[in-house]
Amino acid sequence: SLARSRQWAFRMTSATNLSAIGKACLIYSNDHDDEFPPDLEPLVTEAELPEKCLESKRKPRDFDGPSYVYIPGQTTAMYPGNIVAYEDTRYCSEGVNVLFLDSHVEFMKPDDFRRELKETYERLGREMPEIRFEGE
C-alpha cells in the first residue's frame, strides 16, 4: 500500500513537470513567432523552466535515457490535441503521462497513447517511432 501511494505521488509529480514544460513552451513561443523550441534545453535557458522539471521521479536511477520525449517542430497554431511531450515509455508499464499542445496533461494507457501518438505524427507528416513500454 505504501509503495503504491509512493508510485502515485511520483506519477503526479511527473504530470506537474510536464505541465511546467507546457507552460514554458508557450512562454518560449511568445518570443519565437509562435514556434515551440527545437528541444527542451531552451526552456531552461530562455523560459526559466527549473532544470529539475526535466527529470521524472518515476525514472529509475539506473535508466539510461531522458525522462521525457519531446516532439519538435510544432507551433501554437497546430491541432491542440497534438502530443508535445511524454514520459519515456521504456520505464513505464501501466501507462504514461502525456503533454498535449493545448497544455493539458493526461495519464494514458498504452493502447490509447499509441493511437494518439500515431495521429499526432500523421498530422505532422512524419513516421511514428517504435514505442515499447517496460516489460514488452
# chains A, B, ... in the order shown; residues from 1 in each chain; ligands from 1
call {"tool": "residues_around", "arguments": {"residues": "Ile71 of chain A", "least_positions_apart": "4", "cutoff": "8 Å", "atoms": "only C-alpha atoms", "output": "NGL selection string"}}
result
:A and (39 or 83-85)
call {"tool": "write_last_selection", "arguments": {"atoms": "N, CA and C atoms", "output": "short mmCIF file (atom, residue, chain, number, x, y, z; two decimals), in the first residue's frame"}}
result
data_model
loop_
_atom_site.label_atom_id
_atom_site.label_comp_id
_atom_site.auth_asym_id
_atom_site.auth_seq_id
_atom_site.Cartn_x
_atom_site.Cartn_y
_atom_site.Cartn_z
N ASP A 39 14.21 21.69 -28.94
CA ASP A 39 14.34 20.63 -27.93
C ASP A 39 13.99 21.26 -26.57
N ILE A 83 0.32 15.69 -29.41
CA ILE A 83 1.19 15.41 -28.27
C ILE A 83 2.48 16.19 -28.46
N VAL A 84 2.92 16.86 -27.40
CA VAL A 84 4.15 17.64 -27.43
C VAL A 84 5.28 16.88 -26.73
N ALA A 85 4.98 16.27 -25.60
CA ALA A 85 5.99 15.54 -24.83
C ALA A 85 5.31 14.46 -24.00
#
call {"tool": "residues_around", "arguments": {"residues": "Trp8 of chain A", "least_positions_apart": "4", "cutoff": "12 Å", "atoms": "only C-alpha atoms", "output": "MDAnalysis selection string"}}
result
chainID A and resid 1:4 12:15 57:58 94:95 97 107
call {"tool": "residues_around", "arguments": {"residues": "segment 125-132 of chain A", "least_positions_apart": "6", "cutoff": "8 Å", "atoms": "only C-alpha atoms", "output": "PyMOL selection string"}}
result
chain A and resi 89-90+114+117-118
call {"tool": "write_last_selection", "arguments": {"atoms": "C-alpha atoms", "output": "short mmCIF file (atom, residue, chain, number, x, y, z; two decimals), in the first residue's frame"}}
result
data_model
loop_
_atom_site.label_atom_id
_atom_site.label_comp_id
_atom_site.auth_asym_id
_atom_site.auth_seq_id
_atom_site.Cartn_x
_atom_site.Cartn_y
_atom_site.Cartn_z
CA THR A 89 7.69 4.70 -22.17
CA ARG A 90 10.62 2.31 -21.62
CA ARG A 114 -0.11 4.77 -29.13
CA LEU A 117 0.77 9.47 -30.80
CA LYS A 118 0.18 7.92 -34.22
#
call {"tool": "atom_distance", "arguments": {"atom1": "atom CA of Arg123 of chain A", "atom2": "atom CA of Pro38 of chain A"}}
result
17.9 Å
call {"tool": "residues_around", "arguments": {"residues": "Glu46 of chain A", "least_positions_apart": "4", "cutoff": "9 Å", "atoms": "only C-alpha atoms", "output": "list in words"}}
result
Ala24, Ile27, Tyr28, Glu41 and Pro42 of chain A
call {"tool": "select_by_dssp", "arguments": {"residues": "segment 13-136 of chain A", "states": "alpha helix (DSSP H)", "output": "VMD selection string"}}
result
chain A and resid 13 to 30 41 to 46 110 to 124
call {"tool": "write_last_selection", "arguments": {"atoms": "N, CA, C and O atoms", "output": "compact mmCIF listing (two decimals), in the first residue's frame"}}
result
# COMPACT_ATOMS: atom_id res chain seq x y z
N THR A 13 3.86 13.99 -9.62
CA THR A 13 4.99 14.91 -9.77
C THR A 13 5.43 14.99 -11.23
O THR A 13 5.72 16.07 -11.75
N SER A 14 5.44 13.86 -11.90
CA SER A 14 5.79 13.84 -13.32
C SER A 14 4.77 14.64 -14.14
O SER A 14 5.14 15.39 -15.05
N ALA A 15 3.50 14.50 -13.81
CA ALA A 15 2.46 15.27 -14.52
C ALA A 15 2.66 16.76 -14.30
O ALA A 15 2.49 17.57 -15.22
N THR A 16 3.05 17.13 -13.09
CA THR A 16 3.31 18.54 -12.78
C THR A 16 4.51 19.05 -13.59
O THR A 16 4.49 20.17 -14.10
N ASN A 17 5.55 18.22 -13.71
CA ASN A 17 6.70 18.59 -14.54
C ASN A 17 6.28 18.83 -15.98
O ASN A 17 6.70 19.82 -16.61
N LEU A 18 5.47 17.93 -16.52
CA LEU A 18 5.01 18.10 -17.92
C LEU A 18 4.17 19.35 -18.07
O LEU A 18 4.27 20.06 -19.08
N SER A 19 3.35 19.65 -17.08
CA SER A 19 2.56 20.88 -17.13
C SER A 19 3.47 22.11 -17.16
O SER A 19 3.23 23.05 -17.93
N ALA A 20 4.54 22.09 -16.36
CA ALA A 20 5.50 23.20 -16.36
C ALA A 20 6.21 23.29 -17.71
O ALA A 20 6.46 24.39 -18.21
N ILE A 21 6.53 22.15 -18.30
CA ILE A 21 7.15 22.14 -19.64
C ILE A 21 6.21 22.77 -20.65
O ILE A 21 6.62 23.58 -21.50
N GLY A 22 4.92 22.45 -20.56
CA GLY A 22 3.93 23.03 -21.47
C GLY A 22 3.84 24.54 -21.33
O GLY A 22 3.82 25.27 -22.33
N LYS A 23 3.83 25.03 -20.11
CA LYS A 23 3.79 26.48 -19.88
C LYS A 23 5.05 27.16 -20.40
O LYS A 23 5.00 28.22 -21.01
N ALA A 24 6.19 26.51 -20.18
CA ALA A 24 7.46 27.07 -20.68
C ALA A 24 7.48 27.09 -22.21
O ALA A 24 8.02 28.03 -22.81
N CYS A 25 6.90 26.07 -22.84
CA CYS A 25 6.82 26.07 -24.31
C CYS A 25 6.02 27.27 -24.81
O CYS A 25 6.38 27.91 -25.80
N LEU A 26 4.93 27.58 -24.12
CA LEU A 26 4.11 28.74 -24.51
C LEU A 26 4.88 30.05 -24.30
O LEU A 26 4.81 30.96 -25.14
N ILE A 27 5.60 30.16 -23.20
CA ILE A 27 6.42 31.35 -22.96
C ILE A 27 7.47 31.49 -24.06
O ILE A 27 7.66 32.57 -24.62
N TYR A 28 8.14 30.38 -24.37
CA TYR A 28 9.15 30.38 -25.43
C TYR A 28 8.53 30.81 -26.76
O TYR A 28 9.09 31.62 -27.49
N SER A 29 7.36 30.28 -27.07
CA SER A 29 6.71 30.57 -28.36
C SER A 29 6.33 32.04 -28.51
O SER A 29 6.30 32.57 -29.62
N ASN A 30 6.06 32.70 -27.39
CA ASN A 30 5.74 34.13 -27.45
C ASN A 30 6.90 34.95 -28.00
O ASN A 30 6.69 35.99 -28.63
N GLU A 41 15.98 21.94 -23.91
CA GLU A 41 17.01 22.76 -23.25
C GLU A 41 16.73 24.26 -23.28
O GLU A 41 16.95 24.94 -22.27
N PRO A 42 16.26 24.84 -24.40
CA PRO A 42 15.99 26.29 -24.38
C PRO A 42 14.93 26.71 -23.36
O PRO A 42 14.88 27.87 -22.97
N LEU A 43 14.12 25.76 -22.92
CA LEU A 43 13.11 26.11 -21.91
C LEU A 43 13.78 26.47 -20.58
O LEU A 43 13.27 27.31 -19.85
N VAL A 44 14.91 25.86 -20.32
CA VAL A 44 15.65 26.16 -19.09
C VAL A 44 16.35 27.51 -19.23
O VAL A 44 16.28 28.35 -18.33
N THR A 45 16.98 27.74 -20.37
CA THR A 45 17.77 28.96 -20.55
C THR A 45 16.94 30.18 -20.94
O THR A 45 17.28 31.30 -20.56
N GLU A 46 15.84 29.97 -21.67
CA GLU A 46 15.08 31.12 -22.17
C GLU A 46 13.69 31.30 -21.54
O GLU A 46 13.14 32.39 -21.61
N PRO A 110 -1.39 2.35 -22.40
CA PRO A 110 -0.55 2.15 -23.59
C PRO A 110 -1.28 2.19 -24.94
O PRO A 110 -0.82 2.87 -25.86
N ASP A 111 -2.40 1.51 -25.08
CA ASP A 111 -3.08 1.48 -26.38
C ASP A 111 -3.63 2.85 -26.77
O ASP A 111 -3.51 3.26 -27.93
N ASP A 112 -4.21 3.56 -25.81
CA ASP A 112 -4.74 4.90 -26.10
C ASP A 112 -3.60 5.85 -26.46
O ASP A 112 -3.72 6.67 -27.38
N PHE A 113 -2.49 5.74 -25.73
CA PHE A 113 -1.33 6.58 -26.01
C PHE A 113 -0.79 6.34 -27.42
O PHE A 113 -0.55 7.29 -28.16
N ARG A 114 -0.63 5.09 -27.79
CA ARG A 114 -0.11 4.77 -29.13
C ARG A 114 -1.02 5.34 -30.22
O ARG A 114 -0.55 5.86 -31.22
N ARG A 115 -2.32 5.23 -30.03
CA ARG A 115 -3.27 5.77 -31.01
C ARG A 115 -3.12 7.29 -31.14
O ARG A 115 -3.01 7.82 -32.25
N GLU A 116 -3.08 7.99 -30.01
CA GLU A 116 -2.94 9.45 -30.04
C GLU A 116 -1.60 9.88 -30.62
O GLU A 116 -1.52 10.85 -31.35
N LEU A 117 -0.55 9.14 -30.29
CA LEU A 117 0.77 9.47 -30.80
C LEU A 117 0.82 9.26 -32.31
O LEU A 117 1.37 10.09 -33.05
N LYS A 118 0.23 8.18 -32.78
CA LYS A 118 0.18 7.92 -34.22
C LYS A 118 -0.55 9.05 -34.94
O LYS A 118 -0.09 9.53 -35.98
N GLU A 119 -1.68 9.49 -34.39
CA GLU A 119 -2.43 10.59 -35.00
C GLU A 119 -1.61 11.87 -35.03
O GLU A 119 -1.65 12.63 -36.00
N THR A 120 -0.87 12.13 -33.95
CA THR A 120 -0.01 13.32 -33.92
C THR A 120 1.02 13.26 -35.04
O THR A 120 1.19 14.22 -35.79
N TYR A 121 1.71 12.13 -35.15
CA TYR A 121 2.75 12.00 -36.18
C TYR A 121 2.14 12.07 -37.59
O TYR A 121 2.76 12.63 -38.50
N GLU A 122 0.94 11.55 -37.77
CA GLU A 122 0.28 11.66 -39.08
C GLU A 122 0.00 13.11 -39.42
O GLU A 122 0.22 13.55 -40.54
N ARG A 123 -0.49 13.89 -38.44
CA ARG A 123 -0.75 15.31 -38.68
C ARG A 123 0.53 16.07 -38.98
O ARG A 123 0.52 17.05 -39.72
N LEU A 124 1.64 15.63 -38.40
CA LEU A 124 2.93 16.28 -38.64
C LEU A 124 3.60 15.77 -39.92
O LEU A 124 4.63 16.31 -40.33
call {"tool": "atom_distance", "arguments": {"atom1": "atom CA of Tyr70 of chain A", "atom2": "atom CA of Leu40 of chain A"}}
result
7.1 Å
call {"tool": "atom_distance", "arguments": {"atom1": "atom CA of Tyr68 of chain A", "atom2": "atom CA of Cys53 of chain A"}}
result
9.8 Å
call {"tool": "closest_residue", "arguments": {"among": "A:Glu48, A:Asp34, A:Asp88, A:Asp64", "to": "Leu101 of chain A", "atoms": "only C-alpha atoms"}}
result
A:Asp34
call {"tool": "closest_residue", "arguments": {"among": "A:Leu49, A:Asp102, A:Gly135, A:Arg11", "to": "Thr76 of chain A", "atoms": "only C-alpha atoms"}}
result
A:Asp102
call {"tool": "closest_residue", "arguments": {"among": "A:Gln74, A:Ser93, A:Ser103, A:Gly81", "to": "Phe36 of chain A", "atoms": "only C-alpha atoms"}}
result
A:Gln74
call {"tool": "select_by_dssp", "arguments": {"residues": "segment 8-135 of chain A", "states": "strand (DSSP E or B)", "output": "ChimeraX atom specification"}}
result
/A:35,68-70,75,83-87,96-100,105-108
call {"tool": "write_last_selection", "arguments": {"atoms": "N, CA and C atoms", "output": "PDB file, in the first residue's frame"}}
result
ATOM      1  N   GLU A  35       6.478  29.505 -32.475  1.00  0.00           N
ATOM      2  CA  GLU A  35       7.112  28.196 -32.644  1.00  0.00           C
ATOM      3  C   GLU A  35       7.599  27.669 -31.304  1.00  0.00           C
ATOM      4  N   TYR A  68      11.735  12.533 -20.390  1.00  0.00           N
ATOM      5  CA  TYR A  68      10.635  12.920 -21.270  1.00  0.00           C
ATOM      6  C   TYR A  68      11.088  12.917 -22.728  1.00  0.00           C
ATOM      7  N   VAL A  69      10.187  12.500 -23.578  1.00  0.00           N
ATOM      8  CA  VAL A  69      10.422  12.517 -25.019  1.00  0.00           C
ATOM      9  C   VAL A  69       9.658  13.712 -25.570  1.00  0.00           C
ATOM     10  N   TYR A  70      10.348  14.539 -26.328  1.00  0.00           N
ATOM     11  CA  TYR A  70       9.781  15.772 -26.885  1.00  0.00           C
ATOM     12  C   TYR A  70       9.624  15.613 -28.385  1.00  0.00           C
ATOM     13  N   THR A  75       3.966  24.337 -33.590  1.00  0.00           N
ATOM     14  CA  THR A  75       3.652  25.738 -33.311  1.00  0.00           C
ATOM     15  C   THR A  75       2.331  25.814 -32.552  1.00  0.00           C
ATOM     16  N   ILE A  83       0.323  15.690 -29.410  1.00  0.00           N
ATOM     17  CA  ILE A  83       1.189  15.409 -28.273  1.00  0.00           C
ATOM     18  C   ILE A  83       2.485  16.192 -28.461  1.00  0.00           C
ATOM     19  N   VAL A  84       2.918  16.861 -27.402  1.00  0.00           N
ATOM     20  CA  VAL A  84       4.152  17.641 -27.426  1.00  0.00           C
ATOM     21  C   VAL A  84       5.284  16.880 -26.729  1.00  0.00           C
ATOM     22  N   ALA A  85       4.979  16.267 -25.596  1.00  0.00           N
ATOM     23  CA  ALA A  85       5.990  15.535 -24.826  1.00  0.00           C
ATOM     24  C   ALA A  85       5.306  14.460 -23.996  1.00  0.00           C
ATOM     25  N   TYR A  86       6.096  13.453 -23.634  1.00  0.00           N
ATOM     26  CA  TYR A  86       5.570  12.357 -22.817  1.00  0.00           C
ATOM     27  C   TYR A  86       6.717  11.680 -22.086  1.00  0.00           C
ATOM     28  N   GLU A  87       6.365  10.963 -21.031  1.00  0.00           N
ATOM     29  CA  GLU A  87       7.373  10.211 -20.300  1.00  0.00           C
ATOM     30  C   GLU A  87       7.956   9.139 -21.214  1.00  0.00           C
ATOM     31  N   VAL A  96       1.340   6.223 -19.246  1.00  0.00           N
ATOM     32  CA  VAL A  96       2.333   7.285 -19.381  1.00  0.00           C
ATOM     33  C   VAL A  96       1.651   8.649 -19.266  1.00  0.00           C
ATOM     34  N   ASN A  97       2.350   9.604 -18.628  1.00  0.00           N
ATOM     35  CA  ASN A  97       1.871  10.986 -18.593  1.00  0.00           C
ATOM     36  C   ASN A  97       2.207  11.643 -19.923  1.00  0.00           C
ATOM     37  N   VAL A  98       1.234  12.390 -20.460  1.00  0.00           N
ATOM     38  CA  VAL A  98       1.359  12.969 -21.792  1.00  0.00           C
ATOM     39  C   VAL A  98       0.982  14.451 -21.752  1.00  0.00           C
ATOM     40  N   LEU A  99       1.815  15.295 -22.382  1.00  0.00           N
ATOM     41  CA  LEU A  99       1.539  16.724 -22.529  1.00  0.00           C
ATOM     42  C   LEU A  99       1.013  16.974 -23.934  1.00  0.00           C
ATOM     43  N   PHE A 100      -0.125  17.643 -24.015  1.00  0.00           N
ATOM     44  CA  PHE A 100      -0.734  17.987 -25.301  1.00  0.00           C
ATOM     45  C   PHE A 100      -0.472  19.448 -25.636  1.00  0.00           C
ATOM     46  N   VAL A 105      -2.330  17.920 -19.427  1.00  0.00           N
ATOM     47  CA  VAL A 105      -1.560  16.702 -19.200  1.00  0.00           C
ATOM     48  C   VAL A 105      -2.538  15.603 -18.818  1.00  0.00           C
ATOM     49  N   GLU A 106      -2.299  14.434 -19.374  1.00  0.00           N
ATOM     50  CA  GLU A 106      -3.212  13.313 -19.151  1.00  0.00           C
ATOM     51  C   GLU A 106      -2.401  12.032 -18.966  1.00  0.00           C
ATOM     52  N   PHE A 107      -2.849  11.165 -18.049  1.00  0.00           N
ATOM     53  CA  PHE A 107      -2.246   9.849 -17.905  1.00  0.00           C
ATOM     54  C   PHE A 107      -2.988   8.922 -18.858  1.00  0.00           C
ATOM     55  N   MET A 108      -2.237   8.242 -19.724  1.00  0.00           N
ATOM     56  CA  MET A 108      -2.870   7.411 -20.749  1.00  0.00           C
ATOM     57  C   MET A 108      -2.378   5.974 -20.684  1.00  0.00           C
TER      58      MET A 108
END
call {"tool": "decode", "arguments": {"residues": "segment 12-82 of chain A", "atoms": "C-alpha atoms", "output": "PDB file, in the first residue's frame"}}
result
ATOM      1  CA  MET A  12       1.591  13.206 -10.049  1.00  0.00           C
ATOM      2  CA  THR A  13       4.995  14.911  -9.768  1.00  0.00           C
ATOM      3  CA  SER A  14       5.791  13.844 -13.319  1.00  0.00           C
ATOM      4  CA  ALA A  15       2.463  15.265 -14.520  1.00  0.00           C
ATOM      5  CA  THR A  16       3.314  18.544 -12.776  1.00  0.00           C
ATOM      6  CA  ASN A  17       6.701  18.592 -14.536  1.00  0.00           C
ATOM      7  CA  LEU A  18       5.014  18.096 -17.916  1.00  0.00           C
ATOM      8  CA  SER A  19       2.560  20.884 -17.128  1.00  0.00           C
ATOM      9  CA  ALA A  20       5.504  23.196 -16.358  1.00  0.00           C
ATOM     10  CA  ILE A  21       7.146  22.143 -19.636  1.00  0.00           C
ATOM     11  CA  GLY A  22       3.931  23.029 -21.468  1.00  0.00           C
ATOM     12  CA  LYS A  23       3.787  26.485 -19.880  1.00  0.00           C
ATOM     13  CA  ALA A  24       7.456  27.069 -20.676  1.00  0.00           C
ATOM     14  CA  CYS A  25       6.817  26.072 -24.315  1.00  0.00           C
ATOM     15  CA  LEU A  26       4.113  28.742 -24.513  1.00  0.00           C
ATOM     16  CA  ILE A  27       6.423  31.354 -22.957  1.00  0.00           C
ATOM     17  CA  TYR A  28       9.153  30.383 -25.432  1.00  0.00           C
ATOM     18  CA  SER A  29       6.715  30.572 -28.359  1.00  0.00           C
ATOM     19  CA  ASN A  30       5.745  34.134 -27.446  1.00  0.00           C
ATOM     20  CA  ASP A  31       9.305  35.211 -28.250  1.00  0.00           C
ATOM     21  CA  HIS A  32       9.773  32.946 -31.291  1.00  0.00           C
ATOM     22  CA  ASP A  33       6.897  33.602 -33.721  1.00  0.00           C
ATOM     23  CA  ASP A  34       4.594  31.009 -32.084  1.00  0.00           C
ATOM     24  CA  GLU A  35       7.112  28.196 -32.644  1.00  0.00           C
ATOM     25  CA  PHE A  36       7.952  25.727 -29.911  1.00  0.00           C
ATOM     26  CA  PRO A  37      11.656  25.117 -29.175  1.00  0.00           C
ATOM     27  CA  PRO A  38      13.767  22.634 -31.144  1.00  0.00           C
ATOM     28  CA  ASP A  39      14.336  20.628 -27.928  1.00  0.00           C
ATOM     29  CA  LEU A  40      13.714  21.052 -24.183  1.00  0.00           C
ATOM     30  CA  GLU A  41      17.007  22.758 -23.254  1.00  0.00           C
ATOM     31  CA  PRO A  42      15.990  26.287 -24.382  1.00  0.00           C
ATOM     32  CA  LEU A  43      13.108  26.112 -21.911  1.00  0.00           C
ATOM     33  CA  VAL A  44      15.649  26.159 -19.091  1.00  0.00           C
ATOM     34  CA  THR A  45      17.772  28.963 -20.549  1.00  0.00           C
ATOM     35  CA  GLU A  46      15.076  31.122 -22.167  1.00  0.00           C
ATOM     36  CA  ALA A  47      11.787  30.353 -20.408  1.00  0.00           C
ATOM     37  CA  GLU A  48      13.078  29.943 -16.835  1.00  0.00           C
ATOM     38  CA  LEU A  49      11.965  26.325 -16.517  1.00  0.00           C
ATOM     39  CA  PRO A  50      13.672  24.800 -13.463  1.00  0.00           C
ATOM     40  CA  GLU A  51      16.072  22.114 -14.676  1.00  0.00           C
ATOM     41  CA  LYS A  52      14.603  19.647 -12.183  1.00  0.00           C
ATOM     42  CA  CYS A  53      11.383  19.684 -14.245  1.00  0.00           C
ATOM     43  CA  LEU A  54      13.226  17.730 -16.946  1.00  0.00           C
ATOM     44  CA  GLU A  55      13.664  14.743 -14.596  1.00  0.00           C
ATOM     45  CA  SER A  56      10.784  12.437 -13.693  1.00  0.00           C
ATOM     46  CA  LYS A  57      10.738  10.847 -10.248  1.00  0.00           C
ATOM     47  CA  ARG A  58       9.297   7.756 -11.961  1.00  0.00           C
ATOM     48  CA  LYS A  59      12.529   7.285 -13.910  1.00  0.00           C
ATOM     49  CA  PRO A  60      14.628   4.513 -12.352  1.00  0.00           C
ATOM     50  CA  ARG A  61      18.103   5.550 -11.181  1.00  0.00           C
ATOM     51  CA  ASP A  62      19.769   3.023 -13.478  1.00  0.00           C
ATOM     52  CA  PHE A  63      17.739   4.032 -16.552  1.00  0.00           C
ATOM     53  CA  ASP A  64      19.951   5.446 -19.292  1.00  0.00           C
ATOM     54  CA  GLY A  65      17.815   7.859 -21.238  1.00  0.00           C
ATOM     55  CA  PRO A  66      15.729  11.005 -20.934  1.00  0.00           C
ATOM     56  CA  SER A  67      12.779  11.302 -18.589  1.00  0.00           C
ATOM     57  CA  TYR A  68      10.635  12.920 -21.270  1.00  0.00           C
ATOM     58  CA  VAL A  69      10.422  12.517 -25.019  1.00  0.00           C
ATOM     59  CA  TYR A  70       9.781  15.772 -26.885  1.00  0.00           C
ATOM     60  CA  ILE A  71       8.268  16.080 -30.362  1.00  0.00           C
ATOM     61  CA  PRO A  72       9.850  19.145 -32.025  1.00  0.00           C
ATOM     62  CA  GLY A  73       8.629  21.178 -34.975  1.00  0.00           C
ATOM     63  CA  GLN A  74       5.285  22.336 -33.618  1.00  0.00           C
ATOM     64  CA  THR A  75       3.652  25.738 -33.311  1.00  0.00           C
ATOM     65  CA  THR A  76       0.820  27.165 -31.244  1.00  0.00           C
ATOM     66  CA  ALA A  77      -1.375  27.221 -34.372  1.00  0.00           C
ATOM     67  CA  MET A  78      -1.336  23.436 -34.818  1.00  0.00           C
ATOM     68  CA  TYR A  79      -4.026  20.973 -33.738  1.00  0.00           C
ATOM     69  CA  PRO A  80      -4.487  21.360 -29.938  1.00  0.00           C
ATOM     70  CA  GLY A  81      -4.718  17.569 -29.498  1.00  0.00           C
ATOM     71  CA  ASN A  82      -1.169  17.009 -30.753  1.00  0.00           C
TER      72      ASN A  82
END
